[in-house]
file target.txt (compact mmCIF, C-alpha atoms)
# COMPACT_ATOMS: atom_id res chain seq x y z
CA MET A 1 129.02 67.01 98.55
CA PHE A 2 126.51 65.49 96.13
CA ALA A 3 128.26 67.05 93.15
CA SER A 4 131.45 65.41 94.35
CA GLN A 5 129.74 62.06 94.76
CA THR A 6 128.31 62.12 91.26
CA SER A 7 131.71 63.03 89.88
CA SER A 8 133.19 60.12 91.82
CA PHE A 9 130.69 57.81 90.15
CA GLN A 10 131.68 59.07 86.71
CA ASP A 11 135.43 59.18 87.15
CA SER A 12 135.83 56.15 89.46
CA ILE A 13 138.23 58.11 91.63
CA ASP A 14 138.12 59.47 95.16
CA VAL A 15 136.97 63.08 95.28
CA GLU A 16 137.46 65.34 98.25
CA GLU A 17 134.19 66.55 99.69
CA ARG A 18 133.60 70.26 99.17
CA ASP A 19 130.89 72.80 99.88
CA ASP A 20 132.33 75.74 97.92
CA PHE A 21 131.30 75.02 94.34
CA ASP A 22 130.86 78.20 92.31
CA SER A 23 128.48 78.69 89.39
CA GLU A 24 131.22 78.28 86.77
CA GLU A 25 132.27 74.91 88.19
CA ILE A 26 128.70 73.69 88.26
CA ALA A 27 128.10 74.88 84.69
CA GLY A 28 131.18 73.00 83.52
CA TYR A 29 130.11 69.97 85.49
CA SER A 30 127.00 69.53 83.35
CA GLN A 31 129.15 69.15 80.25
CA LYS A 32 131.60 66.78 81.95
CA ILE A 33 129.27 63.86 82.58
CA GLN A 34 129.84 61.33 79.83
CA LEU A 35 129.36 57.82 81.12
CA ASN A 36 128.84 54.53 79.33
CA CYS A 37 126.03 52.62 81.03
CA TYR A 38 124.81 49.11 80.32
CA TYR A 39 122.01 46.79 81.35
CA THR A 40 121.31 43.08 81.02
CA ILE A 41 118.31 40.95 81.96
CA TYR A 42 118.32 37.14 82.24
CA LEU A 43 115.62 34.59 82.79
CA TYR A 44 116.66 32.43 85.74
CA GLN A 45 115.24 28.89 85.92
CA GLY A 46 116.63 26.39 88.35
CA THR A 47 120.36 26.72 87.75
CA SER A 48 120.37 28.13 84.23
CA LEU A 49 120.47 31.69 82.90
CA THR A 50 118.90 32.59 79.57
CA LEU A 51 119.66 35.96 78.03
CA ILE A 52 116.60 38.09 77.34
CA ASP A 53 118.12 41.45 76.47
CA SER A 54 121.39 43.34 76.94
CA SER A 55 123.07 46.57 75.88
CA LEU A 56 126.53 45.08 76.47
CA PRO A 57 128.84 44.32 73.54
CA SER A 58 128.37 40.74 72.33
CA GLU A 59 131.79 39.66 73.60
CA ALA A 60 131.14 41.03 77.11
CA GLU A 61 127.74 39.45 77.81
CA PRO A 62 129.04 35.83 78.20
CA GLU A 63 131.61 37.11 80.69
CA LEU A 64 128.86 38.74 82.72
CA ARG A 65 126.76 35.57 82.54
CA THR A 66 129.65 33.52 83.93
CA TYR A 67 130.04 35.99 86.78
CA ILE A 68 126.31 35.94 87.61
CA SER A 69 126.18 32.13 87.50
CA ARG A 70 129.04 31.97 89.96
CA ARG A 71 127.26 34.41 92.31
CA LEU A 72 124.02 32.44 92.13
CA SER A 73 125.77 29.14 92.84
CA LYS A 74 127.18 30.68 96.02
CA GLY A 75 123.80 32.02 97.11
CA ALA A 76 125.12 35.57 96.92
CA LEU A 77 122.00 37.01 95.23
CA LEU A 78 118.94 37.33 97.45
CA GLY A 79 115.49 38.03 96.04
CA GLY A 80 114.73 41.74 95.79
CA MET A 81 118.05 42.86 97.30
CA GLY A 82 120.68 44.29 95.00
CA ASN A 83 124.33 43.32 95.16
CA ILE A 84 127.10 45.67 93.98
CA ALA A 85 130.61 44.59 92.98
CA THR A 86 133.36 45.29 90.45
CA VAL A 87 133.44 43.11 87.34
CA GLU A 88 135.97 42.92 84.53
CA LEU A 89 134.39 42.77 81.08
CA SER A 90 135.40 43.27 77.47
CA ILE A 91 134.24 46.89 77.37
CA PRO A 92 136.23 50.13 77.06
CA GLU A 93 136.15 50.64 80.84
CA GLN A 94 137.40 47.07 81.49
CA ALA A 95 136.58 47.13 85.23
CA VAL A 96 133.15 48.51 85.99
CA GLY A 97 130.69 48.72 88.87
CA CYS A 98 127.91 46.17 88.53
CA TYR A 99 124.57 46.13 90.35
CA CYS A 100 122.73 42.78 90.23
CA CYS A 101 119.30 41.91 91.58
CA LEU A 102 117.23 38.72 91.51
CA LEU A 103 113.51 39.29 91.03
CA GLU A 104 111.82 36.06 91.99
CA GLN A 105 108.58 35.04 90.32
CA GLU A 106 105.51 34.63 92.47
CA ARG A 107 104.60 30.99 92.98
CA SER A 108 101.32 29.88 91.48
CA PRO A 109 99.18 26.81 92.39
CA GLU A 110 100.16 25.31 89.02
CA GLN A 111 103.88 25.72 89.79
CA PRO A 112 104.35 25.09 93.51
CA ASP A 113 108.04 24.21 93.08
CA SER A 114 109.09 27.36 91.28
CA ASP A 115 111.38 28.61 94.05
CA GLY A 116 114.43 30.33 92.62
CA ASN A 117 112.82 31.08 89.26
CA GLY A 118 112.74 34.68 88.16
CA TYR A 119 114.80 37.34 86.45
CA VAL A 120 118.30 38.62 87.11
CA ILE A 121 118.71 42.29 86.27
CA CYS A 122 122.13 43.92 86.01
CA PHE A 123 123.11 47.58 85.72
CA MET A 124 126.71 48.48 84.90
CA GLY A 125 128.44 51.84 84.91
CA GLY A 126 131.13 53.80 86.74
CA SER A 127 132.68 52.22 89.81
CA GLU A 128 131.54 49.94 92.61
CA LYS A 129 132.08 52.78 95.08
CA GLY A 130 130.10 55.13 92.87
CA LEU A 131 127.10 52.80 92.57
CA ASN A 132 126.98 52.43 96.35
CA LEU A 133 126.32 56.16 96.63
CA TYR A 134 122.85 55.85 95.14
CA PRO A 135 120.06 54.29 97.25
CA PHE A 136 117.31 53.99 94.65
CA LEU A 137 118.47 51.11 92.44
CA ASP A 138 116.51 48.46 94.39
CA LYS A 139 113.36 50.54 94.12
CA TYR A 140 113.93 51.11 90.42
CA VAL A 141 114.24 47.37 89.77
CA GLN A 142 111.07 46.70 91.77
CA GLY A 143 109.28 49.09 89.45
CA LEU A 144 109.83 46.58 86.65
CA HIS A 145 108.12 43.73 88.48
CA SER A 146 104.65 44.15 86.96
CA SER A 147 106.05 44.40 83.42
CA LEU A 148 107.75 41.01 83.81
CA GLN A 149 104.46 39.19 84.34
CA THR A 150 103.56 39.29 80.63
CA PRO A 151 103.79 35.83 78.98
CA GLU A 152 106.88 35.46 76.78
CA LEU A 153 107.70 39.10 77.60
CA GLN A 154 105.73 40.33 74.62
CA ASN A 155 106.20 43.83 76.02
CA LEU A 156 110.02 43.64 75.81
CA GLU A 157 110.39 46.36 73.20
CA THR A 158 107.54 48.57 74.38
CA GLU A 159 108.05 48.47 78.17
CA VAL A 160 110.94 46.41 79.50
CA ARG A 161 113.77 47.60 77.25
CA PRO A 162 112.91 51.33 77.49
CA TYR A 163 112.66 51.01 81.27
CA LEU A 164 116.02 49.24 81.62
CA SER A 165 117.66 51.73 79.27
CA GLN A 166 116.68 54.61 81.55
CA TRP A 167 118.14 53.20 84.79
CA TYR A 168 121.01 55.66 85.01
CA GLU A 169 118.94 58.66 83.96
CA GLU A 170 116.23 57.92 86.52
CA SER A 171 118.16 56.44 89.47
CA VAL A 172 121.39 58.44 89.40
CA MET A 173 121.05 61.57 87.32
CA HIS A 174 118.33 63.11 89.48
CA ILE A 175 121.12 64.20 91.83
CA HIS A 176 122.95 65.87 88.95
CA ARG A 177 119.75 67.54 87.75
CA VAL A 178 119.01 68.98 91.20
CA VAL A 179 122.57 70.31 91.52
CA GLN A 180 122.15 71.93 88.12
CA LEU A 181 118.76 73.32 89.13
CA VAL A 182 119.72 75.13 92.33
CA GLN A 183 123.39 75.73 91.40
CA SER A 184 125.17 77.75 94.11
CA ASN A 185 122.18 77.38 96.46
CA ILE A 186 122.83 73.64 96.89
CA SER A 187 124.01 74.21 100.47
CA PHE A 188 120.55 75.51 101.45
CA LEU A 189 118.91 72.39 100.04
CA LEU A 190 121.34 70.11 101.87
CA HIS A 191 120.72 71.97 105.11
CA ALA A 192 116.97 71.59 104.65
CA ALA A 193 117.41 67.84 104.08
CA LEU A 194 119.59 67.32 107.15
CA SER A 195 117.34 69.44 109.39
CA HIS A 196 114.22 67.71 107.97
CA THR A 197 112.73 71.01 106.89
CA HIS A 198 109.78 70.68 104.53
CA VAL A 199 110.75 71.51 100.94
CA GLU A 200 108.15 72.63 98.42
CA VAL A 201 108.77 73.07 94.69
CA ILE A 202 106.47 75.46 92.82
CA ASN A 203 106.11 76.50 89.18
CA SER A 204 107.86 73.37 87.91
CA ASP A 205 107.05 70.13 86.10
CA GLU A 206 106.37 66.85 87.87
CA ARG A 207 109.79 65.41 87.03
CA THR A 208 111.57 68.28 88.79
CA LYS A 209 109.39 67.82 91.86
CA ALA A 210 110.18 64.09 91.90
CA ASP A 211 113.92 64.78 91.46
CA VAL A 212 113.98 67.16 94.42
CA SER A 213 111.98 64.73 96.56
CA ARG A 214 114.43 61.87 95.89
CA PHE A 215 117.39 64.18 96.47
CA ILE A 216 115.98 65.20 99.87
CA LYS A 217 115.43 61.57 100.89
CA ALA A 218 118.99 60.63 99.97
CA ALA A 219 120.57 63.70 101.58
CA SER A 220 118.58 63.36 104.82
CA LEU A 221 120.43 60.07 105.57
CA GLN A 222 117.21 58.53 106.89
CA GLY A 223 117.21 54.86 107.75
CA LEU A 224 120.91 54.45 108.51
CA SER A 225 120.03 53.23 112.00
CA GLN A 226 116.99 52.92 114.24
CA GLN A 227 118.17 55.76 116.45
CA ASP A 228 118.79 58.00 113.44
CA THR A 229 115.29 57.25 112.17
CA THR A 230 113.75 58.14 115.54
CA THR A 231 115.70 61.36 115.83
CA ALA A 232 114.90 62.26 112.23
CA SER A 233 111.17 61.87 112.79
CA LEU A 234 111.33 64.00 115.91
CA CYS A 235 113.34 66.71 114.14
CA LYS A 236 110.73 66.65 111.41
CA ALA A 237 108.00 67.01 114.01
CA ILE A 238 109.71 70.10 115.43
CA SER A 239 110.08 71.52 111.94
CA GLU A 240 106.39 70.97 111.24
CA ASP A 241 105.45 72.43 114.62
CA ALA A 242 107.48 75.52 113.75
CA GLN A 243 105.71 75.68 110.36
CA SER A 244 109.02 76.13 108.57
CA ALA A 245 109.60 75.35 104.92
CA LEU A 246 112.01 75.93 102.08
CA ILE A 247 110.21 77.11 98.94
CA ILE A 248 111.91 76.53 95.56
CA ASP A 249 110.29 78.77 92.94
CA CYS A 250 111.24 77.54 89.46
CA SER A 251 109.67 80.49 87.65
CA THR A 252 113.15 82.08 87.59
CA SER A 253 116.49 80.73 86.42
CA PRO A 254 118.15 79.75 88.63
CA PRO A 255 115.18 79.14 90.95
CA THR A 256 114.53 81.42 93.90
CA LEU A 257 114.86 79.76 97.32
CA THR A 258 112.86 81.24 100.20
CA LYS A 259 112.78 80.12 103.83
CA THR A 260 109.47 80.55 105.62
CA GLY A 261 108.30 79.95 109.16
CA ASN A 262 109.94 80.32 112.56
CA SER A 263 112.29 77.35 112.83
CA HIS A 264 114.81 79.60 114.60
CA THR A 265 112.41 79.82 117.57
CA ALA A 266 112.13 76.02 117.67
CA ILE A 267 115.91 75.68 117.72
CA GLN A 268 116.14 78.22 120.54
CA ASP A 269 113.48 76.33 122.51
CA MET A 270 115.35 73.05 122.07
CA ASN A 271 118.64 74.57 123.23
CA SER A 272 116.93 76.15 126.24
CA LEU A 273 115.33 72.84 127.23
CA LYS A 274 118.65 70.98 127.03
CA ARG A 275 120.27 73.63 129.22
CA PHE A 276 117.45 73.42 131.77
CA VAL A 277 117.68 69.60 131.86
CA ARG A 278 121.41 69.75 132.63
CA GLN A 279 120.79 72.29 135.40
CA ALA A 280 117.84 70.33 136.80
CA GLU A 281 120.14 67.38 137.52
CA MET A 282 121.66 69.50 140.33
CA SER A 283 118.93 71.99 141.24
CA HIS A 284 115.26 71.63 142.13
CA TYR A 285 114.77 75.29 141.26
CA ALA A 286 116.08 74.61 137.76
CA LEU A 287 113.57 71.75 137.50
CA PHE A 288 110.81 74.18 138.47
CA ARG A 289 111.98 76.68 135.82
CA CYS A 290 112.04 73.85 133.29
CA CYS A 291 108.41 73.00 134.07
CA GLN A 292 107.43 76.63 133.65
CA PHE A 293 109.26 76.83 130.35
CA LEU A 294 107.55 73.72 128.96
CA GLN A 295 104.15 74.95 130.11
CA GLY A 296 104.54 78.24 128.28
CA CYS A 297 106.45 77.35 125.09
CA GLY A 298 103.52 75.69 123.32
CA ASN A 299 105.40 72.68 121.96
CA GLY A 300 106.69 71.07 125.12
CA ASP A 301 105.69 67.51 124.26
CA VAL A 302 107.61 67.59 120.96
CA LEU A 303 110.66 69.17 122.60
CA LEU A 304 110.68 66.49 125.31
CA GLN A 305 110.48 63.69 122.75
CA ASN A 306 113.49 65.10 120.93
CA ALA A 307 115.36 65.63 124.21
CA ARG A 308 114.77 62.00 125.20
CA ALA A 309 116.18 60.81 121.87
CA GLU A 310 119.28 62.97 122.29
CA HIS A 311 119.84 61.95 125.94
CA SER A 312 119.01 58.25 125.58
CA ASP A 313 122.46 57.24 126.87
CA LEU A 314 122.33 59.55 129.93
CA PRO A 315 120.30 57.95 132.76
CA GLU A 316 120.16 61.05 134.98
CA ALA A 317 118.91 63.24 132.14
CA CYS A 318 116.33 60.61 131.20
CA SER A 319 115.05 60.62 134.78
CA ILE A 320 114.59 64.39 134.63
CA ILE A 321 112.79 64.08 131.30
CA THR A 322 110.46 61.44 132.78
CA VAL A 323 109.52 63.86 135.58
CA LEU A 324 108.86 66.60 133.05
CA GLU A 325 106.73 64.27 130.91
CA GLU A 326 104.63 63.41 133.98
CA PHE A 327 104.27 67.13 134.72
CA LEU A 328 102.98 67.88 131.22
CA ARG A 329 100.62 64.90 131.42
CA GLU A 330 99.15 66.16 134.70
CA GLN A 331 98.78 69.65 133.29
CA SER A 332 96.98 68.30 130.25
CA GLN A 333 94.60 66.22 132.36
CA ALA A 334 93.88 69.19 134.63
CA GLN A 335 92.91 71.33 131.64
CA ALA A 336 90.77 68.63 130.03

call {"tool": "encode", "arguments": {"input": "target.txt", "output": "structure tokens"}}
result
Amino acid sequence: MFASQTSSFQDSIDVEERDDFDSEEIAGYSQKIQLNCYYTIYLYQGTSLTLIDSSLPSEAEPELRTYISRRLSKGALLGGMGNIATVELSIPEQAVGCYCCLLEQERSPEQPDSDGNGYVICFMGGSEKGLNLYPFLDKYVQGLHSSLQTPELQNLETEVRPYLSQWYEESVMHIHRVVQLVQSNISFLLHAALSHTHVEVINSDERTKADVSRFIKAASLQGLSQQDTTTASLCKAISEDAQSALIIDCSTSPPTLTKTGNSHTAIQDMNSLKRFVRQAEMSHYALFRCCQFLQGCGNGDVLLQNARAEHSDLPEACSIITVLEEFLREQSQAQA
């Protein structure tokens, strides 16, 4: 799936999602990525934009400035929040995906009326749809904030320009690098991300560890909604309770992936609890069996939390879960 998404970003076309990539396809994929990427940074004061630096061709930069000015006049750029759209510029790609973000300057006592002043940072490459696949652009721009506090940007050549030049390599290509790293084992890594299994990388450099960490965060789909976030944290708690982990050993090529722990037991316990809850809605004996099961499984409180999240829209099941929670609480107090 992630290999398809990265290809979509490069080709600006819709790509069918697949999970059957073989090693030859992935090897060829590494040679396929050839993408022109651009950046531009403006000083924004009041209503005017002043160019600081850009990798765009000279004829394309004024076109981008006109576009940004129009967006600012409409209030379409909010401080710290990126905006992605398609822009037409005098570059080989003509239409290109453009990420824009306004970094507002902190107000000082000497400049109390400096609202709206700051820097506008733009990243261009691929398609609008492709850029929307990558969740780390806002964070990458925020990483530049401290470097923009230098008077007259004296650090332009030593800090700002190198940082802006690496936006695609650091914010997008980590997905490509992870796909290349694990090759045909990508499905195991995706499964670990979606099941919130702990992933540990050993015998590797720090960049590889950071790449895998960002890949896991993106693939886990965390933060899409409040309910998803709650369920994700509970799934993670079960995974930690089961002491399960996916170990990526980079001492071999490709790396060796090893699953440790007893997550299968945790999954069985969760399925058993859900079955008992359904039965307990119609049988007091089933409720009794459910209490016995929770008392003996060793992770009853975590299982109940996850069950409540999954049954939040079922009032009868929630009532059963409340009874079971009270039972566990009484048991815990009795043993204290």

call {"tool": "closest_residue", "arguments": {"input": "target.txt", "among": "A:Thr256, A:Thr40, A:Ser54, A:Gln45", "to": "Tyr99 of chain A", "atoms": "only C-alpha atoms"}}
result
A:Thr40

call {"tool": "atom_distance", "arguments": {"input": "target.txt", "atom1": "atom CA of Val201 of chain A", "atom2": "atom CA of Thr252 of chain A"}}
result
12.3 Å

call {"tool": "residues_near_point", "arguments": {"input": "target.txt", "point": "(105.8, 78.0, 131.2)", "cutoff": "12 Å", "atoms": "only C-alpha atoms", "output": "PyMOL selection string"}}
result
chain A and resi 269+273+287-300+324+327-328+331

call {"tool": "atom_distance", "arguments": {"input": "target.txt", "atom1": "atom CA of Pro255 of chain A", "atom2": "atom CA of Glu169 of chain A"}}
result
22.0 Å

call {"tool": "closest_residue", "arguments": {"input": "target.txt", "among": "A:Val277, A:Gln333, A:Met124, A:Ile68", "to": "Ile320 of chain A", "atoms": "all atoms listed in the file"}}
result
A:Val277

call {"tool": "atom_distance", "arguments": {"input": "target.txt", "atom1": "atom CA of Asp249 of chain A", "atom2": "atom CA of Ile202 of chain A"}}
result
5.1 Å

call {"tool": "closest_residue", "arguments": {"input": "target.txt", "among": "A:Asp301, A:Glu159, A:Glu281, A:Glu104", "to": "Asn117 of chain A", "atoms": "only C-alpha atoms"}}
result
A:Glu104

call {"tool": "closest_residue", "arguments": {"input": "target.txt", "among": "A:Ser184, A:Gly130, A:Tyr140, A:Leu103", "to": "Ser165 of chain A", "atoms": "all atoms listed in the file"}}
result
A:Tyr140

call {"tool": "residues_around", "arguments": {"input": "target.txt", "residues": "segment 162-164 of chain A", "least_positions_apart": "4", "cutoff": "8 Å", "atoms": "only C-alpha atoms", "output": "VMD selection string"}}
result
chain A and resid 39 144 157 to 158

call {"tool": "closest_residue", "arguments": {"input": "target.txt", "among": "A:Asp205, A:Asp313, A:Glu325, A:Asp211", "to": "Arg177 of chain A", "atoms": "all atoms listed in the file"}}
result
A:Asp211

call {"tool": "residues_near_point", "arguments": {"input": "target.txt", "point": "(119.4, 42.6, 83.5)", "cutoff": "9 Å", "atoms": "all atoms listed in the file", "output": "list in words"}}
result
Tyr39, Thr40, Ile41, Tyr42, Leu43, Leu51, Ile52, Asp53, Ser54, Cys100, Cys101, Tyr119, Val120, Ile121, Cys122, Phe123 and Leu164 of chain A

call {"tool": "axis_aligned_box", "arguments": {"input": "target.txt", "around": "segment 277-287 of chain A", "padding_each_side": "3 Å", "output": "lines of an AutoDock Vina configuration file"}}
result
center_x = 117.6
center_y = 71.3
center_z = 137.0
size_x = 14.1
size_y = 13.9
size_z = 16.3

call {"tool": "closest_residue", "arguments": {"input": "target.txt", "among": "A:Ser127, A:Gln279, A:Ser244, A:Gln149", "to": "His196 of chain A", "atoms": "only C-alpha atoms"}}
result
A:Ser244

call {"tool": "residues_around", "arguments": {"input": "target.txt", "residues": "Leu148 of chain A", "least_positions_apart": "5", "cutoff": "10 Å", "atoms": "all atoms listed in the file", "output": "list of chain:residue names"}}
result
A:Leu103, A:Gln105, A:Gly118, A:Tyr119, A:Gly143, A:Leu153, A:Gln154, A:Asn155, A:Leu156, A:Glu159, A:Val160

call {"tool": "residues_around", "arguments": {"input": "target.txt", "residues": "Ala192 of chain A", "least_positions_apart": "3", "cutoff": "12 Å", "atoms": "only C-alpha atoms", "output": "ChimeraX atom specification"}}
result
/A:185-189,195-200,212-213,215-217,219-220,235-236,239,244-248,257-260,263

call {"tool": "build_atoms", "arguments": {"input": "target.txt", "residues": "segment 125-135 of chain A", "atoms": "all heavy atoms", "output": "short mmCIF file (atom, residue, chain, number, x, y, z; two decimals), in the coordinates of the input"}}
result
data_model
loop_
_atom_site.label_atom_id
_atom_site.label_comp_id
_atom_site.auth_asym_id
_atom_site.auth_seq_id
_atom_site.Cartn_x
_atom_site.Cartn_y
_atom_site.Cartn_z
N GLY A 125 127.97 50.50 85.23
CA GLY A 125 128.44 51.84 84.91
C GLY A 125 129.25 52.42 86.03
O GLY A 125 128.96 52.18 87.21
N GLY A 126 130.32 53.16 85.70
CA GLY A 126 131.13 53.80 86.74
C GLY A 126 131.87 52.79 87.59
O GLY A 126 132.35 51.77 87.10
N SER A 127 131.92 53.07 88.88
CA SER A 127 132.68 52.22 89.81
C SER A 127 131.77 51.59 90.84
O SER A 127 130.64 52.02 91.06
CB SER A 127 133.75 53.06 90.53
OG SER A 127 133.12 54.00 91.39
N GLU A 128 132.28 50.56 91.51
CA GLU A 128 131.54 49.94 92.61
C GLU A 128 131.25 50.96 93.70
O GLU A 128 130.14 51.05 94.22
CB GLU A 128 132.35 48.77 93.18
CG GLU A 128 131.72 48.12 94.40
CD GLU A 128 132.60 47.02 94.97
OE1 GLU A 128 133.58 46.61 94.30
OE2 GLU A 128 132.31 46.55 96.09
N LYS A 129 132.27 51.75 94.05
CA LYS A 129 132.08 52.78 95.08
C LYS A 129 131.03 53.79 94.64
O LYS A 129 130.19 54.22 95.44
CB LYS A 129 133.41 53.49 95.32
CG LYS A 129 133.33 54.61 96.36
CD LYS A 129 134.68 55.27 96.53
CE LYS A 129 134.59 56.43 97.52
NZ LYS A 129 135.88 57.13 97.69
N GLY A 130 131.07 54.16 93.36
CA GLY A 130 130.10 55.13 92.87
C GLY A 130 128.68 54.62 92.94
O GLY A 130 127.77 55.33 93.37
N LEU A 131 128.45 53.36 92.53
CA LEU A 131 127.10 52.80 92.57
C LEU A 131 126.55 52.74 93.99
O LEU A 131 125.35 52.88 94.21
CB LEU A 131 127.09 51.40 91.94
CG LEU A 131 127.07 51.33 90.42
CD1 LEU A 131 127.07 49.88 89.96
CD2 LEU A 131 125.86 52.05 89.85
N ASN A 132 127.43 52.51 94.96
CA ASN A 132 126.98 52.43 96.35
C ASN A 132 126.50 53.76 96.90
O ASN A 132 125.89 53.80 97.97
CB ASN A 132 128.12 51.90 97.23
CG ASN A 132 128.17 50.38 97.27
OD1 ASN A 132 127.17 49.74 97.61
ND2 ASN A 132 129.30 49.80 96.91
N LEU A 133 126.76 54.85 96.18
CA LEU A 133 126.32 56.16 96.63
C LEU A 133 124.83 56.40 96.40
O LEU A 133 124.25 57.32 96.96
CB LEU A 133 127.11 57.27 95.91
CG LEU A 133 128.62 57.33 96.17
CD1 LEU A 133 129.25 58.38 95.29
CD2 LEU A 133 128.89 57.63 97.64
N TYR A 134 124.22 55.57 95.57
CA TYR A 134 122.85 55.85 95.14
C TYR A 134 121.89 54.80 95.69
O TYR A 134 122.01 53.61 95.38
CB TYR A 134 122.79 55.92 93.61
CG TYR A 134 123.71 57.01 93.11
CD1 TYR A 134 125.01 56.71 92.70
CD2 TYR A 134 123.29 58.32 93.10
CE1 TYR A 134 125.85 57.71 92.28
CE2 TYR A 134 124.13 59.33 92.68
CZ TYR A 134 125.42 59.02 92.27
OH TYR A 134 126.26 60.02 91.86
N PRO A 135 120.91 55.23 96.51
CA PRO A 135 120.06 54.29 97.25
C PRO A 135 118.81 53.84 96.53
O PRO A 135 118.00 53.12 97.12
CB PRO A 135 119.69 55.12 98.49
CG PRO A 135 119.61 56.52 97.98
CD PRO A 135 120.69 56.63 96.91
#
